[in-house]
Amino acid sequence: MKGWSETELVELVRRLGSAAAPGMRVGIGDDAAVLEVPRGQELLVTTDLFVEGVHFRRRWLPAAAAGRRALCRALSDIAAMGGEPRFAFLSLAVPSASGLQPSASWVRGFLRGFAAAARSFHVALAGGDTGSSGSGALLADVIILGTAPKGTAALRSGARPGDLLFVSGRLGALAAALDSGRRPPPIHPRLALGKHLRSHRLITAMMDLSDGLSTDLNRLIRESGVGAEVDIDRLPLAGTLQQALHGGEDYELLFTVPEAGAGRLPRSIAGVALTCIGRITSGRGAWLVGSRGRRRRLSPGGWEHAGNT
Ligand SMILES: [Mg+2]
């Protein structure tokens, strides 16, 4: 890297690491972190690969915003389980090929953005590694450990025929931004919402939308062994219908609610609007239903990651 050694990078990660956090007996600095799982809780573990040219481009975002984005993508998976994120691990591979190397200040900014976002979500940076990437792309591998009370984590497999299908926020914002040459909107992992839905036992299944509604809904109904109907006119659009259905990286929550419990569901939770977009059926596959009852199959949209668009 221009004007900087790997040793200095490792030292920066160490300085940014959390010195103390609840449940962290040993953080960065030893061979492995030593962490406690609170009594009565289960550990949620998610890993997310953030690849330059596939998930982001350096010219899209200031370095700190890219670091924040790398963390928030992974936090969204903990939100999808209704969990509480506790510890983060970041491994960063930096391009070494000449002409593709980011500046030292870019990498420093990325790491600082990641660490600042972790602090704002009360997540301890408990480990990390850095090195050279043989390729021309920067890679960030993010691992988050979270917790949820035993047996309560929200799964994709619990949807039942008759349940109502909901999404949070609006869909298609990233695709709309990129298609019109604007910067990607920041990710707001729906942690408070996910935790509320799980702890109030309002839902039967939940996941986050990372690859677009068409792809992710098909995943949810496959895991639950059910079908689904989506009412086109109810979709909360941030752009066009196509962007809402097949654009990816919304990082909103998709969840199912028993019809009898839907009355208990507020219109918004933690400041995020909730919209009923359809229902779960006993049939197979996902279907789009238009205003005159016209039905067409909603197949996975073959989401190409944002960097390819
Ligand atoms: Mg996910």
# chains A, B, ... in the order shown; residues from 1 in each chain; ligands from 1

$ residues_around --residues "Ser96 (chain A)" --least-positions-apart "3" --cutoff "8 Å" --atoms "only C-alpha atoms" --output "JSON, numbers by chain"
{"A": [1, 100, 101, 132, 133, 134, 135, 136]}

$ residues_near_ligand --ligand "ligand 1" --cutoff "6 Å" --atoms "only C-alpha atoms and all ligand atoms" --output "ChimeraX atom specification"
/A:77,207-208

$ closest_residue --among "A:Leu139, A:Ala159, A:Cys72, A:Leu241" --to "Ala118 (chain A)" --atoms "only C-alpha atoms"
A:Cys72

$ residues_around --residues "region 124-128 of chain A" --least-positions-apart "5" --cutoff "8 Å" --atoms "only C-alpha atoms" --output "JSON, numbers by chain"
{"A": [13, 14, 16, 17, 18, 20, 21, 24, 26, 27, 28, 32, 33, 86, 87, 88, 89, 90, 91, 92, 115, 118, 119]}

$ select_by_dssp --residues "region 229-286 of chain A" --states "alpha helix (DSSP H)" --output "list in words"
Leu241, Gln242, Gln243, Ala244, Leu245 and His246 of chain A

$ write_last_selection --atoms "N, CA and C atoms" --output "mmCIF file, in the first residue's frame"
data_model
loop_
_atom_site.group_PDB
_atom_site.id
_atom_site.type_symbol
_atom_site.label_atom_id
_atom_site.label_comp_id
_atom_site.auth_asym_id
_atom_site.auth_seq_id
_atom_site.Cartn_x
_atom_site.Cartn_y
_atom_site.Cartn_z
ATOM 1 N N LEU A 241 -41.340 -0.334 -10.082
ATOM 2 C CA LEU A 241 -41.760 -1.668 -9.642
ATOM 3 C C LEU A 241 -40.623 -2.673 -9.843
ATOM 4 N N GLN A 242 -39.954 -2.583 -10.989
ATOM 5 C CA GLN A 242 -38.848 -3.509 -11.258
ATOM 6 C C GLN A 242 -37.738 -3.369 -10.221
ATOM 7 N N GLN A 243 -37.422 -2.126 -9.880
ATOM 8 C CA GLN A 243 -36.376 -1.892 -8.876
ATOM 9 C C GLN A 243 -36.794 -2.451 -7.518
ATOM 10 N N ALA A 244 -38.076 -2.312 -7.190
ATOM 11 C CA ALA A 244 -38.572 -2.817 -5.899
ATOM 12 C C ALA A 244 -38.574 -4.341 -5.868
ATOM 13 N N LEU A 245 -38.892 -4.970 -6.997
ATOM 14 C CA LEU A 245 -38.983 -6.432 -7.018
ATOM 15 C C LEU A 245 -37.617 -7.093 -7.112
ATOM 16 N N HIS A 246 -36.751 -6.507 -7.956
ATOM 17 C CA HIS A 246 -35.511 -7.225 -8.292
ATOM 18 C C HIS A 246 -34.233 -6.487 -7.900
#

$ residues_around --residues "Gly109 (chain A)" --least-positions-apart "4" --cutoff "6 Å" --atoms "only C-alpha atoms" --output "list of chain:residue names"
A:Ala63, A:Ala64, A:Ser105, A:Gly113

$ closest_residue --among "A:Gly212, A:Pro185, A:Gly172, A:Gly151" --to "Gly239 (chain A)" --atoms "only C-alpha atoms"
A:Gly172

$ closest_residue --among "A:Glu252, A:Ser299, A:Gly278, A:Phe166" --to "Leu265 (chain A)" --atoms "only C-alpha atoms"
A:Phe166

$ closest_residue --among "A:Arg264, A:Gly181, A:Arg160, A:Ser76" --to "Gly283 (chain A)" --atoms "only C-alpha atoms"
A:Arg160

$ closest_residue --among "A:Gly23, A:Pro95, A:Gly194, A:Gly53" --to "Ile78 (chain A)" --atoms "only C-alpha atoms"
A:Gly194

$ closest_residue --among "A:Ser168, A:Ser291, A:Ser199, A:Thr240" --to "Cys276 (chain A)" --atoms "only C-alpha atoms"
A:Ser168

$ atom_distance --atom1 "CA of Arg222 (chain A)" --atom2 "CA of Leu254 (chain A)"
14.2 Å

$ select_by_dssp --residues "region 88-307 of chain A" --states "strand (DSSP E or B)" --output "ChimeraX atom specification"
/A:88-95,103,124-133,139-149,164-168,171,205-208,227-231,237,253-257,268-269,272-281,285-289,295-297

$ write_last_selection --atoms "C-alpha atoms" --output "PDB file, in the first residue's frame"
ATOM      1  CA  ALA A  88     -17.561  -7.784  15.294  1.00  0.00           C
ATOM      2  CA  PHE A  89     -14.508  -9.223  13.539  1.00  0.00           C
ATOM      3  CA  LEU A  90     -13.043  -7.570  10.456  1.00  0.00           C
ATOM      4  CA  SER A  91     -10.531  -9.078   8.064  1.00  0.00           C
ATOM      5  CA  LEU A  92      -9.355  -6.753   5.339  1.00  0.00           C
ATOM      6  CA  ALA A  93      -7.385  -7.713   2.230  1.00  0.00           C
ATOM      7  CA  VAL A  94      -5.940  -4.660   0.487  1.00  0.00           C
ATOM      8  CA  PRO A  95      -4.917  -4.734  -3.214  1.00  0.00           C
ATOM      9  CA  SER A 103      -4.146   5.334  -0.543  1.00  0.00           C
ATOM     10  CA  ALA A 124     -17.323  -4.392  20.255  1.00  0.00           C
ATOM     11  CA  LEU A 125     -14.594  -4.826  17.637  1.00  0.00           C
ATOM     12  CA  ALA A 126     -13.096  -7.967  19.152  1.00  0.00           C
ATOM     13  CA  GLY A 127     -10.731  -9.159  16.427  1.00  0.00           C
ATOM     14  CA  GLY A 128      -9.361  -8.492  13.001  1.00  0.00           C
ATOM     15  CA  ASP A 129      -6.703  -9.256  10.473  1.00  0.00           C
ATOM     16  CA  THR A 130      -5.238  -7.400   7.524  1.00  0.00           C
ATOM     17  CA  GLY A 131      -3.083  -8.408   4.606  1.00  0.00           C
ATOM     18  CA  SER A 132      -2.454  -7.946   0.919  1.00  0.00           C
ATOM     19  CA  SER A 133      -4.969  -9.174  -1.600  1.00  0.00           C
ATOM     20  CA  LEU A 139     -12.067  -7.468   0.290  1.00  0.00           C
ATOM     21  CA  ALA A 140     -13.580  -7.082   3.725  1.00  0.00           C
ATOM     22  CA  ASP A 141     -14.740 -10.196   5.564  1.00  0.00           C
ATOM     23  CA  VAL A 142     -17.048  -9.254   8.410  1.00  0.00           C
ATOM     24  CA  ILE A 143     -18.180 -11.609  11.151  1.00  0.00           C
ATOM     25  CA  ILE A 144     -20.775 -10.598  13.718  1.00  0.00           C
ATOM     26  CA  LEU A 145     -21.628 -12.480  16.871  1.00  0.00           C
ATOM     27  CA  GLY A 146     -25.006 -11.685  18.374  1.00  0.00           C
ATOM     28  CA  THR A 147     -27.318 -13.175  20.947  1.00  0.00           C
ATOM     29  CA  ALA A 148     -30.985 -13.962  21.414  1.00  0.00           C
ATOM     30  CA  PRO A 149     -32.804 -15.691  24.286  1.00  0.00           C
ATOM     31  CA  LEU A 164     -49.928 -12.019   6.266  1.00  0.00           C
ATOM     32  CA  LEU A 165     -46.717 -10.914   4.563  1.00  0.00           C
ATOM     33  CA  PHE A 166     -45.093  -7.618   5.612  1.00  0.00           C
ATOM     34  CA  VAL A 167     -42.066  -5.528   4.713  1.00  0.00           C
ATOM     35  CA  SER A 168     -40.452  -2.642   6.556  1.00  0.00           C
ATOM     36  CA  LEU A 171     -38.093  -1.174  -1.600  1.00  0.00           C
ATOM     37  CA  ALA A 205     -40.887 -16.086  10.028  1.00  0.00           C
ATOM     38  CA  MET A 206     -38.431 -13.323   9.192  1.00  0.00           C
ATOM     39  CA  MET A 207     -35.440 -12.515   6.973  1.00  0.00           C
ATOM     40  CA  ASP A 208     -33.692  -9.434   5.674  1.00  0.00           C
ATOM     41  CA  GLY A 227     -46.428 -20.303  -1.309  1.00  0.00           C
ATOM     42  CA  ALA A 228     -47.047 -16.553  -1.347  1.00  0.00           C
ATOM     43  CA  GLU A 229     -49.124 -13.918  -3.125  1.00  0.00           C
ATOM     44  CA  VAL A 230     -47.845 -10.357  -3.372  1.00  0.00           C
ATOM     45  CA  ASP A 231     -50.296  -7.569  -4.098  1.00  0.00           C
ATOM     46  CA  LEU A 237     -41.911   1.708  -3.763  1.00  0.00           C
ATOM     47  CA  LEU A 253     -37.111  -6.901   6.931  1.00  0.00           C
ATOM     48  CA  LEU A 254     -39.560  -9.314   5.300  1.00  0.00           C
ATOM     49  CA  PHE A 255     -41.746 -11.127   7.833  1.00  0.00           C
ATOM     50  CA  THR A 256     -44.974 -13.046   8.304  1.00  0.00           C
ATOM     51  CA  VAL A 257     -47.673 -12.450  10.913  1.00  0.00           C
ATOM     52  CA  SER A 268     -44.652   1.530  12.420  1.00  0.00           C
ATOM     53  CA  ILE A 269     -42.114   0.313  14.963  1.00  0.00           C
ATOM     54  CA  VAL A 272     -39.961   2.326  10.491  1.00  0.00           C
ATOM     55  CA  ALA A 273     -43.212   1.944   8.534  1.00  0.00           C
ATOM     56  CA  LEU A 274     -44.600  -1.572   8.141  1.00  0.00           C
ATOM     57  CA  THR A 275     -46.625  -2.524   5.073  1.00  0.00           C
ATOM     58  CA  CYS A 276     -48.717  -5.621   4.440  1.00  0.00           C
ATOM     59  CA  ILE A 277     -47.859  -6.675   0.873  1.00  0.00           C
ATOM     60  CA  GLY A 278     -49.689  -9.989   0.600  1.00  0.00           C
ATOM     61  CA  ARG A 279     -50.195 -13.347   2.205  1.00  0.00           C
ATOM     62  CA  ILE A 280     -48.812 -16.838   2.577  1.00  0.00           C
ATOM     63  CA  THR A 281     -50.693 -19.597   0.761  1.00  0.00           C
ATOM     64  CA  GLY A 285     -44.283 -20.578  -5.579  1.00  0.00           C
ATOM     65  CA  ALA A 286     -44.527 -16.814  -5.283  1.00  0.00           C
ATOM     66  CA  TRP A 287     -47.141 -14.934  -7.324  1.00  0.00           C
ATOM     67  CA  LEU A 288     -47.756 -11.302  -8.138  1.00  0.00           C
ATOM     68  CA  VAL A 289     -51.399 -10.283  -8.058  1.00  0.00           C
ATOM     69  CA  ARG A 295     -51.646 -13.361 -11.493  1.00  0.00           C
ATOM     70  CA  ARG A 296     -48.122 -13.898 -12.708  1.00  0.00           C
ATOM     71  CA  ARG A 297     -45.261 -15.872 -11.289  1.00  0.00           C
TER      72      ARG A 297
END

$ atom_distance --atom1 "CA of Thr204 (chain A)" --atom2 "CA of His122 (chain A)"
27.6 Å

$ residues_around --residues "Arg201 (chain A)" --least-positions-apart "6" --cutoff "10 Å" --atoms "only C-alpha atoms" --output "JSON, numbers by chain"
{"A": [152, 154, 195, 257, 261]}

$ residues_around --residues "Arg183 (chain A)" --least-positions-apart "4" --cutoff "10 Å" --atoms "only C-alpha atoms" --output "number ranges by chain"
A: 59-61, 174, 176-179

$ residues_around --residues "Pro62 (chain A)" --least-positions-apart "6" --cutoff "12 Å" --atoms "only C-alpha atoms" --output "ChimeraX atom specification"
/A:56,68-69,105-113,183-184,186

$ write_last_selection --atoms "C-alpha atoms" --output "PDB file, in the first residue's frame"
ATOM      1  CA  PHE A  56     -19.202  -1.571  -3.874  1.00  0.00           C
ATOM      2  CA  ARG A  68     -19.821   1.676   7.740  1.00  0.00           C
ATOM      3  CA  ARG A  69     -21.584  -0.138   4.894  1.00  0.00           C
ATOM      4  CA  SER A 105      -5.741   7.537   4.018  1.00  0.00           C
ATOM      5  CA  TRP A 106      -8.514   5.613   2.207  1.00  0.00           C
ATOM      6  CA  VAL A 107      -7.778   2.434   4.157  1.00  0.00           C
ATOM      7  CA  ARG A 108      -7.459   4.378   7.391  1.00  0.00           C
ATOM      8  CA  GLY A 109     -10.816   6.021   6.661  1.00  0.00           C
ATOM      9  CA  PHE A 110     -12.450   2.653   5.912  1.00  0.00           C
ATOM     10  CA  LEU A 111     -11.238   1.169   9.203  1.00  0.00           C
ATOM     11  CA  ARG A 112     -12.246   4.247  11.176  1.00  0.00           C
ATOM     12  CA  GLY A 113     -15.700   4.278   9.550  1.00  0.00           C
ATOM     13  CA  ARG A 183     -24.704   7.520  -4.399  1.00  0.00           C
ATOM     14  CA  PRO A 184     -26.137   4.470  -2.650  1.00  0.00           C
ATOM     15  CA  PRO A 186     -26.861   4.370   3.687  1.00  0.00           C
TER      16      PRO A 186
END
